[in-house]
>>> print(open('input20.txt').read())   # compact mmCIF, C-alpha atoms (C1' of nucleotides)
# COMPACT_ATOMS: atom_id res chain seq x y z
CA MET A 1 0.97 39.90 8.40
CA LEU A 2 0.29 36.22 8.93
CA THR A 3 2.69 33.31 9.04
CA ILE A 4 1.72 30.27 7.06
CA GLY A 5 0.63 28.47 10.21
CA LYS A 6 -1.70 31.29 11.19
CA LEU A 7 -3.09 31.44 7.68
CA ALA A 8 -3.71 27.70 7.85
CA GLN A 9 -5.58 28.13 11.12
CA ASP A 10 -7.69 31.00 9.85
CA THR A 11 -8.72 29.24 6.65
CA GLY A 12 -8.77 25.59 7.60
CA VAL A 13 -6.34 24.80 4.78
CA LYS A 14 -3.34 22.78 5.90
CA VAL A 15 0.15 24.25 5.71
CA PRO A 16 1.52 21.84 3.05
CA THR A 17 -1.61 22.42 0.99
CA ILE A 18 -0.99 26.18 1.02
CA ARG A 19 2.54 25.63 -0.23
CA TYR A 20 1.17 23.27 -2.84
CA TYR A 21 -1.29 25.92 -4.04
CA GLU A 22 1.59 28.35 -4.33
CA GLN A 23 3.61 25.80 -6.26
CA ILE A 24 0.89 25.27 -8.85
CA GLY A 25 0.33 29.02 -9.16
CA LEU A 26 -3.07 29.18 -7.53
CA LEU A 27 -1.73 31.48 -4.83
CA PRO A 28 0.86 34.13 -5.71
CA GLU A 29 4.23 33.92 -4.02
CA PRO A 30 3.98 35.87 -0.79
CA GLY A 31 6.60 38.15 0.71
CA ARG A 32 9.17 36.70 3.08
CA SER A 33 10.44 37.61 6.51
CA ALA A 34 14.11 38.30 7.16
CA GLY A 35 14.44 34.61 7.98
CA ASN A 36 12.83 33.52 4.70
CA GLN A 37 9.44 32.61 6.10
CA ARG A 38 6.28 33.34 4.14
CA LEU A 39 4.19 36.31 5.23
CA TYR A 40 0.62 36.78 4.05
CA GLY A 41 -1.68 39.79 3.98
CA GLN A 42 -5.44 40.18 3.95
CA GLY A 43 -5.74 39.71 0.20
CA GLN A 44 -4.08 36.32 0.33
CA LEU A 45 -6.30 35.32 3.23
CA GLU A 46 -9.41 36.13 1.25
CA ARG A 47 -8.12 34.41 -1.85
CA LEU A 48 -7.39 31.27 0.10
CA ARG A 49 -10.82 31.36 1.74
CA PHE A 50 -12.32 31.56 -1.74
CA ILE A 51 -10.30 28.56 -2.85
CA ARG A 52 -11.20 26.60 0.25
CA HIS A 53 -14.88 27.25 -0.14
CA ALA A 54 -14.90 26.35 -3.81
CA ARG A 55 -13.01 23.13 -3.03
CA ASP A 56 -15.57 22.32 -0.33
CA LEU A 57 -18.22 22.69 -3.01
CA GLY A 58 -16.33 20.22 -5.15
CA PHE A 59 -14.98 22.57 -7.81
CA PRO A 60 -11.80 21.17 -9.35
CA LEU A 61 -8.69 23.32 -9.00
CA GLU A 62 -8.72 24.20 -12.70
CA ALA A 63 -12.24 25.56 -12.39
CA ILE A 64 -11.15 27.52 -9.34
CA ARG A 65 -8.25 28.95 -11.28
CA ASP A 66 -10.73 30.21 -13.86
CA LEU A 67 -13.08 31.57 -11.22
CA LEU A 68 -10.21 33.42 -9.54
CA SER A 69 -9.08 35.04 -12.75
CA LEU A 70 -12.68 36.04 -13.41
CA SER A 71 -12.99 37.57 -9.98
CA ASP A 72 -10.03 39.77 -10.84
CA ARG A 73 -12.03 41.38 -13.68
CA PRO A 74 -15.11 42.88 -12.00
CA ASP A 75 -16.36 44.61 -15.16
CA GLN A 76 -16.63 41.46 -17.25
CA PRO A 77 -20.02 39.79 -17.62
CA CYS A 78 -20.53 36.98 -15.17
CA ALA A 79 -21.74 34.45 -17.75
CA ALA A 80 -18.46 32.55 -17.56
CA ALA A 81 -18.60 32.25 -13.78
CA ASP A 82 -22.22 31.20 -14.04
CA GLY A 83 -21.27 28.56 -16.60
CA ILE A 84 -18.60 27.09 -14.40
CA ALA A 85 -21.00 26.88 -11.48
CA ARG A 86 -23.67 25.27 -13.67
CA ALA A 87 -21.17 22.74 -14.97
CA GLN A 88 -20.27 21.87 -11.40
CA LEU A 89 -23.94 21.53 -10.52
CA ASP A 90 -24.44 19.20 -13.48
CA ALA A 91 -21.43 17.14 -12.44
CA VAL A 92 -22.76 16.85 -8.89
CA ARG A 93 -26.17 15.78 -10.13
CA ALA A 94 -24.70 13.18 -12.44
CA ARG A 95 -22.70 11.75 -9.59
CA ILE A 96 -25.76 11.58 -7.38
CA ARG A 97 -27.66 9.69 -10.08
CA ARG A 98 -24.88 7.18 -10.54
CA LEU A 99 -24.42 6.69 -6.83
CA LYS A 100 -28.14 6.09 -6.31
CA ALA A 101 -28.08 3.27 -8.85
CA LEU A 102 -25.10 1.77 -7.03
CA GLU A 103 -26.83 2.19 -3.70
CA GLY A 104 -29.81 0.19 -4.96
CA GLU A 105 -27.64 -2.59 -6.27
CA LEU A 106 -25.57 -2.79 -3.11
CA GLU A 107 -28.71 -2.83 -0.97
CA ARG A 108 -30.07 -5.76 -2.92
CA MET A 109 -26.78 -7.55 -2.68
CA VAL A 110 -26.44 -7.13 1.06
CA ALA A 111 -30.11 -7.90 1.74
CA GLN A 112 -29.84 -11.26 0.01
CA CYS A 113 -26.88 -12.40 2.04
CA ALA A 114 -27.94 -15.46 4.02
CA HIS A 115 -24.87 -15.26 6.29
CA GLY A 116 -23.82 -18.75 5.34
CA THR A 117 -20.53 -19.69 3.69
CA ILE A 118 -18.74 -18.02 0.82
CA ARG A 119 -19.98 -20.83 -1.42
CA ASP A 120 -23.55 -19.57 -1.16
CA CYS A 121 -22.71 -15.90 -0.73
CA ARG A 122 -24.81 -13.62 -2.88
CA VAL A 123 -22.30 -10.80 -2.56
CA ILE A 124 -19.59 -12.84 -4.20
CA GLU A 125 -21.99 -14.39 -6.67
CA VAL A 126 -23.46 -11.12 -7.86
CA LEU A 127 -20.03 -9.58 -8.21
CA GLY A 128 -19.02 -12.48 -10.40
CA ASP A 129 -21.99 -12.10 -12.70
CA HIS A 130 -23.32 -8.73 -13.72
CA ALA A 131 -26.38 -10.43 -15.24
CA LEU A 132 -27.64 -11.01 -11.70
CA CYS A 133 -28.00 -7.27 -11.22
CA ALA A 134 -31.45 -5.80 -11.06
CA GLN A 135 -30.79 -3.01 -13.50
CA ASP A 136 -27.94 -2.20 -15.72
CA HIS A 137 -26.14 0.02 -13.26
CA PRO A 138 -23.48 2.32 -14.70
CA ALA A 139 -19.87 2.51 -13.70
CA ALA A 140 -19.10 4.29 -10.46
CA ALA A 141 -16.57 6.80 -11.80
CA GLY A 142 -15.69 8.81 -8.74
CA MET B 143 -6.73 -18.99 -24.90
CA LEU B 144 -7.29 -15.26 -25.20
CA THR B 145 -4.87 -12.51 -26.09
CA ILE B 146 -4.91 -9.43 -23.93
CA GLY B 147 -6.85 -7.52 -26.57
CA LYS B 148 -9.57 -10.16 -26.74
CA LEU B 149 -9.74 -10.28 -22.96
CA ALA B 150 -10.12 -6.51 -22.95
CA GLN B 151 -12.99 -6.74 -25.43
CA ASP B 152 -14.75 -9.49 -23.52
CA THR B 153 -14.56 -7.74 -20.16
CA GLY B 154 -14.67 -4.07 -21.05
CA VAL B 155 -11.40 -3.47 -19.19
CA LYS B 156 -8.79 -1.62 -21.23
CA VAL B 157 -5.55 -3.32 -22.17
CA PRO B 158 -3.22 -1.08 -20.12
CA THR B 159 -5.54 -1.50 -17.15
CA ILE B 160 -5.24 -5.28 -17.37
CA ARG B 161 -1.46 -4.99 -17.35
CA TYR B 162 -1.74 -2.61 -14.42
CA TYR B 163 -3.85 -5.10 -12.48
CA GLU B 164 -1.22 -7.73 -13.12
CA GLN B 165 1.50 -5.36 -11.96
CA ILE B 166 -0.19 -4.73 -8.62
CA GLY B 167 -0.88 -8.41 -8.15
CA LEU B 168 -4.65 -8.32 -8.59
CA LEU B 169 -4.41 -10.65 -11.56
CA PRO B 170 -1.87 -13.49 -11.55
CA GLU B 171 0.78 -13.45 -14.25
CA PRO B 172 -0.64 -15.32 -17.22
CA GLY B 173 1.21 -17.74 -19.47
CA ARG B 174 3.00 -16.42 -22.53
CA SER B 175 3.03 -17.36 -26.19
CA ALA B 176 6.22 -18.27 -28.02
CA GLY B 177 6.51 -14.60 -28.93
CA ASN B 178 6.14 -13.47 -25.29
CA GLN B 179 2.54 -12.32 -25.53
CA ARG B 180 0.14 -12.87 -22.64
CA LEU B 181 -2.41 -15.67 -22.98
CA TYR B 182 -5.43 -15.93 -20.70
CA GLY B 183 -7.78 -18.78 -19.87
CA GLN B 184 -11.36 -18.93 -18.63
CA GLY B 185 -10.41 -18.52 -14.99
CA GLN B 186 -8.66 -15.25 -15.65
CA LEU B 187 -11.60 -14.04 -17.70
CA GLU B 188 -13.98 -14.65 -14.81
CA ARG B 189 -11.64 -13.11 -12.31
CA LEU B 190 -11.34 -9.97 -14.40
CA ARG B 191 -15.13 -9.80 -14.84
CA PHE B 192 -15.44 -9.97 -11.09
CA ILE B 193 -12.97 -7.12 -10.68
CA ARG B 194 -14.66 -5.05 -13.34
CA HIS B 195 -18.06 -5.45 -11.79
CA ALA B 196 -16.83 -4.63 -8.32
CA ARG B 197 -15.06 -1.52 -9.69
CA ASP B 198 -18.27 -0.49 -11.40
CA LEU B 199 -19.96 -0.73 -8.03
CA GLY B 200 -17.29 1.56 -6.62
CA PHE B 201 -15.35 -0.93 -4.51
CA PRO B 202 -11.76 0.21 -4.07
CA LEU B 203 -9.09 -2.14 -5.38
CA GLU B 204 -8.00 -3.08 -1.88
CA ALA B 205 -11.53 -4.20 -1.03
CA ILE B 206 -11.62 -6.17 -4.27
CA ARG B 207 -8.35 -7.82 -3.35
CA ASP B 208 -9.97 -8.97 -0.10
CA LEU B 209 -13.13 -10.14 -1.86
CA LEU B 210 -11.11 -12.14 -4.35
CA SER B 211 -9.15 -13.90 -1.66
CA LEU B 212 -12.41 -14.65 0.13
CA SER B 213 -13.92 -16.11 -3.01
CA ASP B 214 -11.00 -18.54 -3.13
CA ARG B 215 -12.13 -20.03 0.20
CA PRO B 216 -15.69 -21.31 -0.40
CA ASP B 217 -16.00 -22.97 2.99
CA GLN B 218 -15.36 -19.86 5.05
CA PRO B 219 -18.33 -17.96 6.47
CA CYS B 220 -19.36 -15.04 4.32
CA ALA B 221 -19.53 -12.50 7.12
CA ALA B 222 -16.34 -10.84 5.89
CA ALA B 223 -17.65 -10.44 2.35
CA ASP B 224 -20.90 -9.14 3.72
CA GLY B 225 -19.00 -6.64 5.85
CA ILE B 226 -17.06 -5.32 2.91
CA ALA B 227 -20.24 -4.86 0.90
CA ARG B 228 -21.93 -3.10 3.79
CA ALA B 229 -18.99 -0.79 4.21
CA GLN B 230 -19.18 0.08 0.54
CA LEU B 231 -22.91 0.71 0.87
CA ASP B 232 -22.28 3.02 3.81
CA ALA B 233 -19.62 4.87 1.86
CA VAL B 234 -21.94 5.32 -1.10
CA ARG B 235 -24.73 6.60 1.13
CA ALA B 236 -22.40 9.06 2.84
CA ARG B 237 -21.30 10.39 -0.52
CA ILE B 238 -24.88 10.80 -1.65
CA ARG B 239 -25.68 12.80 1.48
CA ARG B 240 -22.71 15.10 0.99
CA LEU B 241 -23.41 15.59 -2.67
CA LYS B 242 -27.04 16.46 -1.99
CA ALA B 243 -25.95 19.23 0.35
CA LEU B 244 -23.60 20.54 -2.33
CA GLU B 245 -26.33 20.29 -4.94
CA GLY B 246 -28.59 22.48 -2.81
CA GLU B 247 -25.92 25.09 -2.30
CA LEU B 248 -24.95 25.16 -5.96
CA GLU B 249 -28.59 25.47 -7.00
CA ARG B 250 -29.03 28.45 -4.75
CA MET B 251 -25.86 30.00 -6.06
CA VAL B 252 -26.77 29.59 -9.71
CA ALA B 253 -30.40 30.64 -9.22
CA GLN B 254 -29.34 33.95 -7.71
CA CYS B 255 -27.10 34.86 -10.60
CA ALA B 256 -28.50 38.02 -12.22
CA HIS B 257 -26.34 37.60 -15.33
CA GLY B 258 -24.80 41.00 -14.82
CA THR B 259 -21.11 41.69 -14.31
CA ILE B 260 -18.64 39.88 -12.11
CA ARG B 261 -18.88 42.78 -9.66
CA ASP B 262 -22.42 41.75 -8.75
CA CYS B 263 -22.03 38.05 -9.35
CA ARG B 264 -23.51 35.94 -6.61
CA VAL B 265 -21.45 32.96 -7.65
CA ILE B 266 -18.21 34.76 -7.00
CA GLU B 267 -19.58 36.47 -3.92
CA VAL B 268 -20.83 33.30 -2.29
CA LEU B 269 -17.59 31.52 -2.99
CA GLY B 270 -15.73 34.33 -1.30
CA ASP B 271 -17.82 34.15 1.83
CA HIS B 272 -18.98 30.90 3.31
CA ALA B 273 -21.27 32.80 5.67
CA LEU B 274 -23.55 33.50 2.70
CA CYS B 275 -24.32 29.80 2.44
CA ALA B 276 -27.75 28.57 3.42
CA GLN B 277 -26.52 25.72 5.56
CA ASP B 278 -23.17 24.70 6.80
CA HIS B 279 -22.41 22.38 3.92
CA PRO B 280 -19.64 19.86 4.44
CA ALA B 281 -16.54 19.40 2.37
CA ALA B 282 -16.99 17.63 -0.92
CA ALA B 283 -14.36 14.93 -0.45
CA GLY B 284 -14.68 13.01 -3.65
C1' DC C 285 21.14 35.54 27.17
C1' DC C 286 20.37 30.70 26.60
C1' DT C 287 17.86 26.80 25.73
C1' DA C 288 13.98 24.00 24.43
C1' DA C 289 9.97 23.61 21.93
C1' DT C 290 7.58 24.71 18.13
C1' DC C 291 7.40 26.51 13.32
C1' DT C 292 8.98 26.81 8.98
C1' DC C 293 12.04 25.80 5.14
C1' DT C 294 13.11 22.77 0.75
C1' DC C 295 12.94 18.58 -1.54
C1' DT C 296 11.45 14.07 -2.60
C1' DA C 297 8.30 10.48 -2.78
C1' DG C 298 3.84 8.34 -1.99
C1' DT C 299 -1.43 7.94 -2.40
C1' DA C 300 -5.73 5.79 -6.01
C1' DA C 301 -6.49 4.06 -10.18
C1' DC C 302 -5.41 4.44 -13.94
C1' DT C 303 -3.85 6.87 -18.81
C1' DA C 304 -0.49 8.19 -22.17
C1' DT C 305 3.72 8.06 -24.55
C1' DA C 306 7.92 6.16 -26.87
C1' DG C 307 10.22 2.84 -29.19
C1' DC C 308 10.36 -1.68 -30.04
C1' DT C 309 8.63 -6.71 -31.50
C1' DT C 310 5.15 -10.04 -32.98
C1' DC C 311 1.24 -11.53 -35.41
C1' DA C 312 -2.46 -12.09 -39.00
C1' DA C 313 -4.16 -11.00 -43.56
C1' DG C 314 -3.56 -10.35 -48.34
C1' DC D 315 6.48 -10.89 -48.17
C1' DT D 316 4.85 -6.93 -46.69
C1' DT D 317 2.03 -4.00 -44.16
C1' DG D 318 -0.77 -2.61 -40.44
C1' DA D 319 -2.66 -3.83 -36.18
C1' DA D 320 -1.76 -5.49 -31.81
C1' DG D 321 1.50 -6.55 -28.29
C1' DC D 322 5.78 -5.70 -25.42
C1' DT D 323 8.50 -2.82 -21.64
C1' DA D 324 9.37 1.21 -19.20
C1' DT D 325 8.57 5.73 -17.80
C1' DA D 326 5.94 9.66 -16.73
C1' DG D 327 1.60 12.16 -16.17
C1' DT D 328 -3.11 12.77 -14.05
C1' DT D 329 -5.83 15.08 -9.31
C1' DA D 330 -5.24 17.04 -5.10
C1' DC D 331 -3.00 16.49 -1.91
C1' DT D 332 -0.08 14.00 2.27
C1' DA D 333 4.08 12.34 4.57
C1' DG D 334 8.77 12.37 5.59
C1' DA D 335 13.73 13.88 6.09
C1' DG D 336 16.86 17.07 7.65
C1' DA D 337 17.94 21.83 8.31
C1' DG D 338 17.06 26.64 9.78
C1' DA D 339 13.91 30.34 12.27
C1' DT D 340 11.23 31.98 15.95
C1' DT D 341 9.24 32.32 20.46
C1' DA D 342 8.49 31.36 25.50
C1' DG D 343 10.41 30.39 29.74
C1' DG D 344 14.04 30.58 33.02
>>> encode(input="input20.txt", output="structure tokens")
Amino acid sequence: MLTIGKLAQDTGVKVPTIRYYEQIGLLPEPGRSAGNQRLYGQGQLERLRFIRHARDLGFPLEAIRDLLSLSDRPDQPCAAADGIARAQLDAVRARIRRLKALEGELERMVAQCAHGTIRDCRVIEVLGDHALCAQDHPAAAG
Amino acid sequence: MLTIGKLAQDTGVKVPTIRYYEQIGLLPEPGRSAGNQRLYGQGQLERLRFIRHARDLGFPLEAIRDLLSLSDRPDQPCAAADGIARAQLDAVRARIRRLKALEGELERMVAQCAHGTIRDCRVIEVLGDHALCAQDHPAAAG
DNA sequence: CCTAATCTCTCTAGTAACTATAGCTTCAAG
DNA sequence: CTTGAAGCTATAGTTACTAGAGAGATTAGG
């Protein structure tokens, strides 16, 4: 049996975050010691590792909730899990595309800076007028 | 003089967002009509366009606050503005790097899915065991 | 066995950047 | 003059945590 601190160490998830996951129902309530401290077993450890890894891959908690409930039903077809992963992949790709457009615009902006005064600053000028942008970059959105 | 709705139309910033910007002091409090409705002039319009554009480029509001106060001092050197833009560029590049690593891992995960049952699902399996990852991908963080 | 240091407990509030809702007032058009 | 859109304030919700207060539990050393 692991205390919450040990569980945190073993998974790399911080103690308050573990309690938060319990609070939102992502982790089941664990047993308690005589002194009311949480005690975790192997199953909880693995579940938390799963959560941690999915978070590292950028899955939102709601997607992880779905993935966890899927993983509890081994006989079901895995199409749903596959769909969630594909959706996440699409989201990641979309973000990369957007960020690359921003990168280009920021590069241009910074490259044109003549290091003079604010009055002649391209950074400020471009920010004030979107028409000065090379392409019609999209919004950043995350 | 523009009403808040017209200002929203002209800038692409939603009405509640404009009020929010006022609340946090990013936009000065505008004058009011006899009936207590906000009325904006050209200066406010340009200021909001500036904010909108910077947000689209992913600058956090605090950075925008700094940029705005810089743009009010045309005689100052533009090194500070340049620095803020460079920092944003660095942040964007870092996020692209991280996301590319995630993209690779998610691609691998999805490609290996045999479309069978959850029991044999690579998606679930890989999420449960970070050691199955190709590289040591970093955390997503945004 | 006692004490000090470290953990853990609950609860509340704060973060970024909005978005949504409720219940009201004002304005513009017909 | 009436009706519907737009505006007002204030509060709470979103995502995924993080920080803090103040109290109780546990463990290591003496």
>>> closest_residue(input="input20.txt", among="D:DG344, D:DC322, D:DA330, D:DA339", to="Pro16 (chain A)", atoms="all atoms listed in the file")
D:DA330
>>> atom_distance(input="input20.txt", atom1="CA of Val265 (chain B)", atom2="CA of Met251 (chain B)")
5.5 Å
>>> interface_residues(input="input20.txt", of="chain B", to="chain D", cutoff="8 Å", atoms="only C-alpha atoms (C1' of nucleotides)", output="NGL selection string")
:B and (147 or 178-179)
>>> interface_residues(input="input20.txt", of="chain A", to="chain B", cutoff="8 Å", atoms="all atoms listed in the file", output="VMD selection string")
chain A and resid 46 to 47 49 to 51 53 to 58 67 70 to 71 73 to 79 81 to 82 85 to 86 88 to 89 92 to 93 95 to 96 99 to 100 102 to 103 106 to 107 109 to 110 113 115 to 119 121 123 to 124 127 to 130 138 to 142
>>> interface_residues(input="input20.txt", of="chain C", to="chain B", cutoff="10 Å", atoms="all atoms listed in the file", output="short mmCIF file (atom, residue, chain, number, x, y, z; two decimals) with C-alpha atoms (C1' of nucleotides), in the coordinates of the input")
data_model
loop_
_atom_site.label_atom_id
_atom_site.label_comp_id
_atom_site.auth_asym_id
_atom_site.auth_seq_id
_atom_site.Cartn_x
_atom_site.Cartn_y
_atom_site.Cartn_z
"C1'" DA C 300 -5.73 5.79 -6.01
"C1'" DA C 301 -6.49 4.06 -10.18
"C1'" DC C 302 -5.41 4.44 -13.94
"C1'" DT C 303 -3.85 6.87 -18.81
"C1'" DA C 304 -0.49 8.19 -22.17
"C1'" DT C 309 8.63 -6.71 -31.50
"C1'" DT C 310 5.15 -10.04 -32.98
"C1'" DC C 311 1.24 -11.53 -35.41
#
>>> atom_distance(input="input20.txt", atom1="C1' of DT299 (chain C)", atom2="CA of Ala8 (chain A)")
22.4 Å
